[in-house]
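> Okay, so here is start21.cif, and as you'll see once you scroll down, it has mmCIF, C-alpha atoms.
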data_my_file
loop_
_atom_site.label_atom_id
_atom_site.label_comp_id
_atom_site.auth_asym_id
_atom_site.auth_seq_id
_atom_site.Cartn_x
_atom_site.Cartn_y
_atom_site.Cartn_z
CA MET T 151 48.85 105.09 155.33
CA TYR T 152 50.95 104.51 158.47
CA ASP T 153 48.15 102.50 160.15
CA PHE T 154 47.73 100.27 157.10
CA LEU T 155 51.46 99.65 156.76
CA LEU T 156 51.76 98.90 160.46
CA PHE T 157 48.83 96.47 160.26
CA VAL T 158 50.23 94.48 157.33
CA HIS T 159 53.74 94.56 158.83
CA VAL T 160 52.48 93.20 162.16
CA LEU T 161 50.17 90.72 160.40
CA ALA T 162 53.17 89.44 158.43
CA ALA T 163 55.08 89.10 161.72
CA PHE T 164 52.22 87.00 163.10
CA LEU T 165 52.31 84.75 160.01
CA LEU T 166 56.08 84.38 160.49
CA GLY T 167 55.55 83.51 164.16
CA ALA T 168 52.85 80.99 163.25
CA GLY T 169 55.27 79.27 160.86
CA VAL T 170 57.85 79.03 163.65
CA VAL T 171 55.29 77.55 166.10
CA ILE T 172 54.28 74.87 163.56
CA TYR T 173 57.93 73.95 162.92
CA THR T 174 58.51 73.81 166.69
CA SER T 175 55.82 71.14 166.90
CA PHE T 176 57.64 69.17 164.15
CA VAL T 177 61.02 69.52 165.88
CA LEU T 178 59.49 68.39 169.19
CA GLY T 179 58.30 65.17 167.56
CA GLY T 180 54.84 66.01 166.23
CA PRO T 181 53.73 64.30 163.02
CA VAL T 182 54.87 66.05 159.83
CA VAL T 183 52.18 65.74 157.17
CA ARG T 184 52.28 67.47 153.80
CA PRO T 185 49.41 69.96 154.41
CA SER T 186 50.78 71.14 157.78
CA ARG T 187 54.27 71.51 156.36
CA THR T 188 52.94 73.38 153.31
CA VAL T 189 50.98 75.77 155.53
CA ALA T 190 54.09 76.32 157.69
CA GLU T 191 56.19 77.05 154.60
CA ILE T 192 53.60 79.50 153.22
CA LEU T 193 53.31 81.28 156.58
CA TRP T 194 57.09 81.48 156.95
CA GLY T 195 57.62 82.65 153.36
CA VAL T 196 54.78 85.18 153.18
CA GLY T 197 55.50 86.38 156.71
CA GLY T 198 59.19 86.76 155.95
CA LEU T 199 58.68 88.71 152.75
CA GLY T 200 55.86 90.77 154.30
CA THR T 201 57.84 91.80 157.37
CA LEU T 202 60.77 92.85 155.21
CA ALA T 203 58.84 94.66 152.47
CA PHE T 204 56.35 96.44 154.72
CA GLY T 205 59.02 97.08 157.36
CA VAL T 206 61.22 98.89 154.85
CA TRP T 207 58.16 100.76 153.53
CA LEU T 208 57.26 101.80 157.09
CA ALA T 209 60.81 103.08 157.68
CA LEU T 210 60.63 105.11 154.46
CA ASN T 211 57.14 106.37 155.38
CA ARG T 212 58.13 107.76 158.79
CA PRO T 213 60.31 110.92 158.78
CA GLU T 214 61.80 110.02 162.20
CA TYR T 215 63.26 106.73 160.90
CA GLU T 216 66.05 106.12 158.39
CA LEU T 217 67.01 102.78 156.86
CA TRP T 218 70.54 103.18 158.24
CA ASP T 219 69.36 103.61 161.85
CA GLY T 220 71.18 101.11 164.05
CA TRP T 221 68.05 99.27 165.20
CA ILE T 222 66.78 98.90 161.61
CA ILE T 223 70.15 97.52 160.44
CA ALA T 224 70.13 95.14 163.46
CA ALA T 225 66.63 94.02 162.48
CA LEU T 226 67.71 93.42 158.86
CA VAL T 227 70.71 91.35 160.02
CA LEU T 228 68.49 89.30 162.34
CA TRP T 229 65.95 88.83 159.52
CA PHE T 230 68.64 87.40 157.22
CA LEU T 231 69.97 85.14 159.99
CA ALA T 232 66.43 83.87 160.71
CA MET T 233 65.80 83.24 157.01
CA GLY T 234 69.12 81.36 156.72
CA SER T 235 68.27 79.08 159.66
CA GLY T 236 64.73 78.67 158.35
CA THR T 237 65.97 77.54 154.94
CA GLN T 238 68.19 74.90 156.57
CA VAL T 239 65.23 73.59 158.61
CA SER T 240 62.84 73.62 155.65
CA ARG T 241 65.23 71.55 153.51
CA ASN T 242 65.63 68.88 156.16
CA VAL T 243 62.14 68.47 157.62
CA GLN T 244 60.08 66.52 155.11
CA PRO T 245 56.58 64.99 155.40
CA ALA T 246 56.56 61.49 156.89
CA GLY T 247 52.90 60.70 157.49
CA ASP T 248 51.51 60.19 160.97
CA SER T 249 54.72 59.04 162.56
CA ALA T 250 57.16 61.45 164.20
CA VAL T 251 60.17 62.42 162.10
CA ALA T 252 63.65 61.88 163.51
CA ILE T 253 65.08 65.39 163.34
CA ASP T 254 68.84 65.67 162.93
CA ARG T 255 70.50 67.44 165.85
CA ARG T 256 71.98 70.13 163.59
CA VAL T 257 68.56 70.82 162.05
CA ALA T 258 66.99 71.09 165.50
CA PHE T 259 69.78 73.49 166.51
CA ALA T 260 69.09 75.61 163.41
CA HIS T 261 65.42 75.74 164.40
CA TRP T 262 66.17 76.84 167.98
CA MET T 263 68.54 79.49 166.61
CA ARG T 264 65.78 80.67 164.30
CA ILE T 265 63.55 81.13 167.36
CA VAL T 266 66.31 83.13 169.07
CA TYR T 267 66.66 85.37 165.98
CA VAL T 268 62.88 85.88 165.72
CA VAL T 269 62.59 86.72 169.43
CA LEU T 270 65.52 89.17 169.13
CA LEU T 271 63.84 90.64 166.06
CA LEU T 272 60.69 91.23 168.11
CA VAL T 273 62.78 92.75 170.92
CA VAL T 274 64.41 95.16 168.45
CA MET T 275 61.04 96.05 166.89
CA VAL T 276 59.43 96.79 170.26
CA TRP T 277 62.37 98.50 172.00
CA LYS T 278 63.78 100.29 168.93
CA PRO T 279 67.15 100.87 170.68
CA GLY T 280 68.66 104.19 169.68
CA ALA T 281 65.48 105.46 167.99
CA MET X 128 47.76 108.17 168.14
CA SER X 129 50.27 106.94 165.58
CA VAL X 130 52.95 109.29 166.87
CA LEU X 131 52.16 108.21 170.44
CA ALA X 132 52.55 104.62 169.33
CA VAL X 133 56.03 105.36 168.01
CA ILE X 134 57.30 107.24 171.10
CA ARG X 135 56.88 105.07 174.20
CA PRO X 136 58.46 105.30 177.66
CA ASP X 137 61.02 102.54 178.30
CA SER X 138 58.85 100.99 181.03
CA TRP X 139 56.16 100.08 178.45
CA PHE X 140 58.41 97.92 176.32
CA PHE X 141 58.56 94.69 178.34
CA PRO X 142 54.78 94.36 178.86
CA LEU X 143 54.23 95.19 175.18
CA PHE X 144 56.82 92.55 174.21
CA LEU X 145 55.04 89.94 176.37
CA HIS X 146 51.68 90.94 174.88
CA ILE X 147 52.83 90.57 171.26
CA ALA X 148 55.00 87.46 171.79
CA GLY X 149 52.19 85.68 173.63
CA ALA X 150 49.69 86.61 170.91
CA MET X 151 52.07 85.29 168.22
CA VAL X 152 52.35 81.93 169.99
CA VAL X 153 48.55 81.73 170.35
CA VAL X 154 47.98 82.49 166.66
CA GLY X 155 50.61 79.92 165.63
CA ALA X 156 49.13 77.26 167.91
CA LEU X 157 45.58 77.91 166.69
CA THR X 158 46.77 77.71 163.07
CA LEU X 159 48.52 74.37 163.62
CA ALA X 160 45.54 72.97 165.56
CA SER X 161 43.12 74.03 162.78
CA VAL X 162 45.25 72.55 160.00
CA SER X 163 45.88 69.27 161.87
CA LEU X 164 42.19 68.84 162.67
CA ILE X 165 41.06 69.66 159.12
CA VAL X 166 43.56 67.13 157.71
CA SER X 167 42.32 64.54 160.24
CA TRP X 168 38.77 64.92 158.82
CA ARG X 169 39.95 63.14 155.68
CA ASN X 170 42.16 60.40 157.08
CA GLY X 171 40.84 60.12 160.65
CA SER X 172 44.41 60.22 161.94
CA ALA X 173 44.51 59.95 165.74
CA ALA X 174 48.11 61.26 165.69
CA LEU X 175 47.01 64.52 164.05
CA ILE X 176 44.07 64.93 166.43
CA ARG X 177 46.44 64.39 169.36
CA GLN X 178 48.91 66.90 167.86
CA ALA X 179 46.12 69.49 167.58
CA TYR X 180 44.95 69.07 171.17
CA MET X 181 48.48 68.96 172.56
CA THR X 182 49.30 72.14 170.63
CA LEU X 183 46.33 73.86 172.23
CA PHE X 184 47.44 72.72 175.68
CA TYR X 185 51.20 73.28 175.44
CA PHE X 186 51.30 76.36 173.18
CA ALA X 187 47.92 78.14 172.99
CA LEU X 188 47.12 78.06 176.72
CA PRO X 189 50.52 79.34 178.01
CA GLY X 190 50.67 81.77 175.07
CA TYR X 191 47.24 83.10 175.98
CA ILE X 192 48.24 83.61 179.64
CA VAL X 193 51.41 85.52 178.63
CA PHE X 194 49.45 87.55 176.06
CA ARG X 195 46.71 88.44 178.54
CA VAL X 196 49.09 89.31 181.39
CA GLY X 197 51.00 91.52 178.92
CA SER X 198 47.79 93.19 177.73
CA GLU X 199 46.59 93.99 181.26
CA TRP X 200 50.06 95.26 182.20
CA ILE X 201 50.46 97.52 179.17
CA ALA X 202 46.86 98.78 179.43
CA ASP X 203 47.55 99.69 183.07
CA LYS X 204 50.83 101.44 182.14
CA GLU X 205 49.12 103.42 179.38
CA GLY X 206 46.13 104.25 181.61
CA LEU X 207 43.77 102.43 179.24
CA ALA X 208 42.50 99.70 181.57
CA ASP X 209 39.12 101.41 182.03
CA SER X 210 39.09 103.15 178.68
CA ASN X 211 36.03 103.28 176.44
CA VAL X 212 38.14 103.62 173.30
CA THR X 213 36.81 101.41 170.48
CA TRP X 214 40.03 99.53 169.73
CA ILE X 215 40.52 98.65 173.40
CA GLY X 216 36.93 97.39 173.49
CA ILE X 217 37.53 95.25 170.40
CA GLY X 218 40.73 93.92 171.97
CA TYR X 219 39.11 92.93 175.26
CA GLY X 220 36.04 91.52 173.48
CA VAL X 221 38.13 89.34 171.19
CA SER X 222 40.40 88.28 174.04
CA ASP X 223 37.54 87.33 176.40
CA MET X 224 35.58 85.48 173.71
CA GLY X 225 38.80 83.73 172.64
CA ALA X 226 39.48 82.62 176.23
CA LEU X 227 36.01 81.11 176.56
CA LEU X 228 36.22 79.23 173.25
CA LEU X 229 39.78 78.12 174.02
CA ILE X 230 38.69 76.69 177.40
CA ILE X 231 35.80 74.80 175.74
CA SER X 232 38.23 73.47 173.10
CA LEU X 233 40.71 72.41 175.79
CA VAL X 234 38.02 70.54 177.75
CA ILE X 235 36.79 68.71 174.62
CA GLY X 236 40.40 68.04 173.58
CA GLY X 237 41.35 66.80 177.05
CA LEU X 238 38.45 64.32 177.05
CA SER X 239 39.47 63.08 173.59
CA VAL X 240 43.13 62.66 174.62
CA ARG X 241 42.02 60.68 177.69
CA LYS X 242 39.97 58.47 175.39
CA MET X 243 42.99 57.96 173.10
CA ASN X 244 45.20 57.13 176.09
CA ARG X 245 42.76 54.31 176.90
CA GLY X 246 43.29 52.92 173.42
CA GLN X 247 39.96 54.16 172.02
CA GLN X 248 39.48 56.15 168.81
CA PRO X 249 38.94 59.93 169.25
CA SER X 250 35.51 61.28 168.41
CA PRO X 251 35.43 62.78 164.89
CA ILE X 252 32.48 64.98 165.92
CA ALA X 253 34.51 66.43 168.80
CA ALA X 254 37.36 67.10 166.35
CA ARG X 255 34.98 68.97 164.03
CA ILE X 256 33.53 71.03 166.87
CA VAL X 257 37.02 72.01 168.06
CA THR X 258 38.04 72.83 164.46
CA GLY X 259 35.13 75.29 164.26
CA LEU X 260 35.86 76.85 167.64
CA VAL X 261 39.59 77.18 167.04
CA SER X 262 39.08 78.62 163.54
CA LEU X 263 36.63 81.15 164.94
CA VAL X 264 39.12 82.23 167.61
CA LEU X 265 41.85 82.49 164.98
CA ILE X 266 39.75 84.79 162.77
CA ALA X 267 38.76 86.86 165.82
CA TYR X 268 42.42 87.26 166.82
CA LEU X 269 43.33 88.48 163.34
CA VAL X 270 40.59 91.12 163.75
CA GLY X 271 42.24 91.88 167.09
CA VAL X 272 45.61 92.40 165.36
CA TRP X 273 43.91 94.88 163.02
CA ALA X 274 42.28 96.72 165.96
CA MET X 275 45.56 96.92 167.88
CA THR X 276 47.49 98.34 164.91
CA ALA X 277 44.92 100.46 163.03
CA LYS X 278 43.37 101.60 166.33
CA PRO X 279 39.88 102.50 165.00
CA THR X 280 38.12 105.14 167.11
#
Any chance you could give the structure as structure tokens?

Amino acid sequence: MYDFLLFVHVLAAFLLGAGVVIYTSFVLGGPVVRPSRTVAEILWGVGGLGTLAFGVWLALNRPEYELWDGWIIAALVLWFLAMGSGTQVSRNVQPAGDSAVAIDRRVAFAHWMRIVYVVLLLVVMVWKPGA
Amino acid sequence: MSVLAVIRPDSWFFPLFLHIAGAMVVVGALTLASVSLIVSWRNGSAALIRQAYMTLFYFALPGYIVFRVGSEWIADKEGLADSNVTWIGIGYGVSDMGALLLIISLVIGGLSVRKMNRGQQPSPIAARIVTGLVSLVLIAYLVGVWAMTAKPT
């Protein structure tokens, strides 16, 4: 059971990361077309829900972890921060055909902050400080 | 193995972080390149083809280098560099095959971008070939994610 949960949790994290990479291309001036944006949204959404749901399940599945462990609470806080920034970016980056979209500075900042939160989330998941 | 995976010495964390972060960037870049190229099949958009090739160059290639350096480093730390364990074999197989296909895709993409820079239309056949290669690498890397987490013996 642990191996399966770890696989789907990590797979969800990869989907989340893929969504971030696609949005990075948009923020850097790449063309925003409807299919690419839709795929990015699906990856971000499914990855976000998957990391949270399977992450909590993993914590409940392992006797050495508790949901109130410091590193798990830190991860949950970072997850909510990343989702908040992601929502702001999603609302403001809309398809515009082949031409590059002019991204508002505040939206770009929200995207870079989302990357910071996701990287910190990965740091916490790998290091598990205090575990 | 699962318990070993949970309890790791501190010195393993940074190489493991590099390995996973690099792999995430590669998977994201391959996904964007695949989607952009598939969409370009319908509308022949040169901008999308350029986006796909540039994504491979600026994201997938550096991501692959970071991922591979991390994998060699962590395998060395864990004493698995010369291991015959199945999941390590799958990992190296997928990684090596992915590198080869990524290099071929980058060469084809580079030639197409040069063509576009001269004001010519990119080859749709080249775009379809790269779509196939990149999609294959993407599927292989997802198998790699399974091997690295489920660790089949």
> When the PyMOL selection byres ((chain T and resi 151) around 10) is applied to the structure above, which residues does it catch, written out as JSON, numbers by chain?
{"T": [152, 153, 154, 155, 156, 157, 208, 211], "X": [277]}
> For the file shown, what are the residues hit by the PyMOL selection byres ((chain X and resi 265) around 10), laid out as a list of chain:residue names?
X:Val153, X:Val154, X:Gly155, X:Ala156, X:Leu157, X:Thr158, X:Ser161, X:Val221, X:Gly225, X:Gly259, X:Leu260, X:Val261, X:Ser262, X:Leu263, X:Val264, X:Ile266, X:Ala267, X:Tyr268, X:Leu269, X:Val270, X:Gly271
> Just how far from atom CA of Ala190 of chain T is atom CA of Gln178 of chain X, in Å to one decimal?
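Spanning atom CA of Gln178 of chain X to atom CA of Ala190 of chain T is a straight-line distance of 14.8 Å.
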> Measuring between all atoms listed in the file, which one of T:Trp262, T:Tyr267, T:Phe176, T:Trp194 shows the shortest distance to Leu226 of chain T?
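Nearest to Leu226 of chain T: T:Tyr267.
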> Counting only C-alpha atoms, collect the residues of chain X whose closest atom lies at most 9 Å from chain T, and write them out as a count of residues only.
38
> Taking only C-alpha atoms into account, which of T:Pro245, T:Val251, T:Met233, T:Ala225 comes nearest Leu270 of chain T?
T:Ala225
> Between atom CA of Leu271 of chain T and atom CA of Ala179 of chain X, measure the distance and give it in Å to one decimal.
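Between atom CA of Leu271 of chain T and atom CA of Ala179 of chain X the gap is 27.6 Å.
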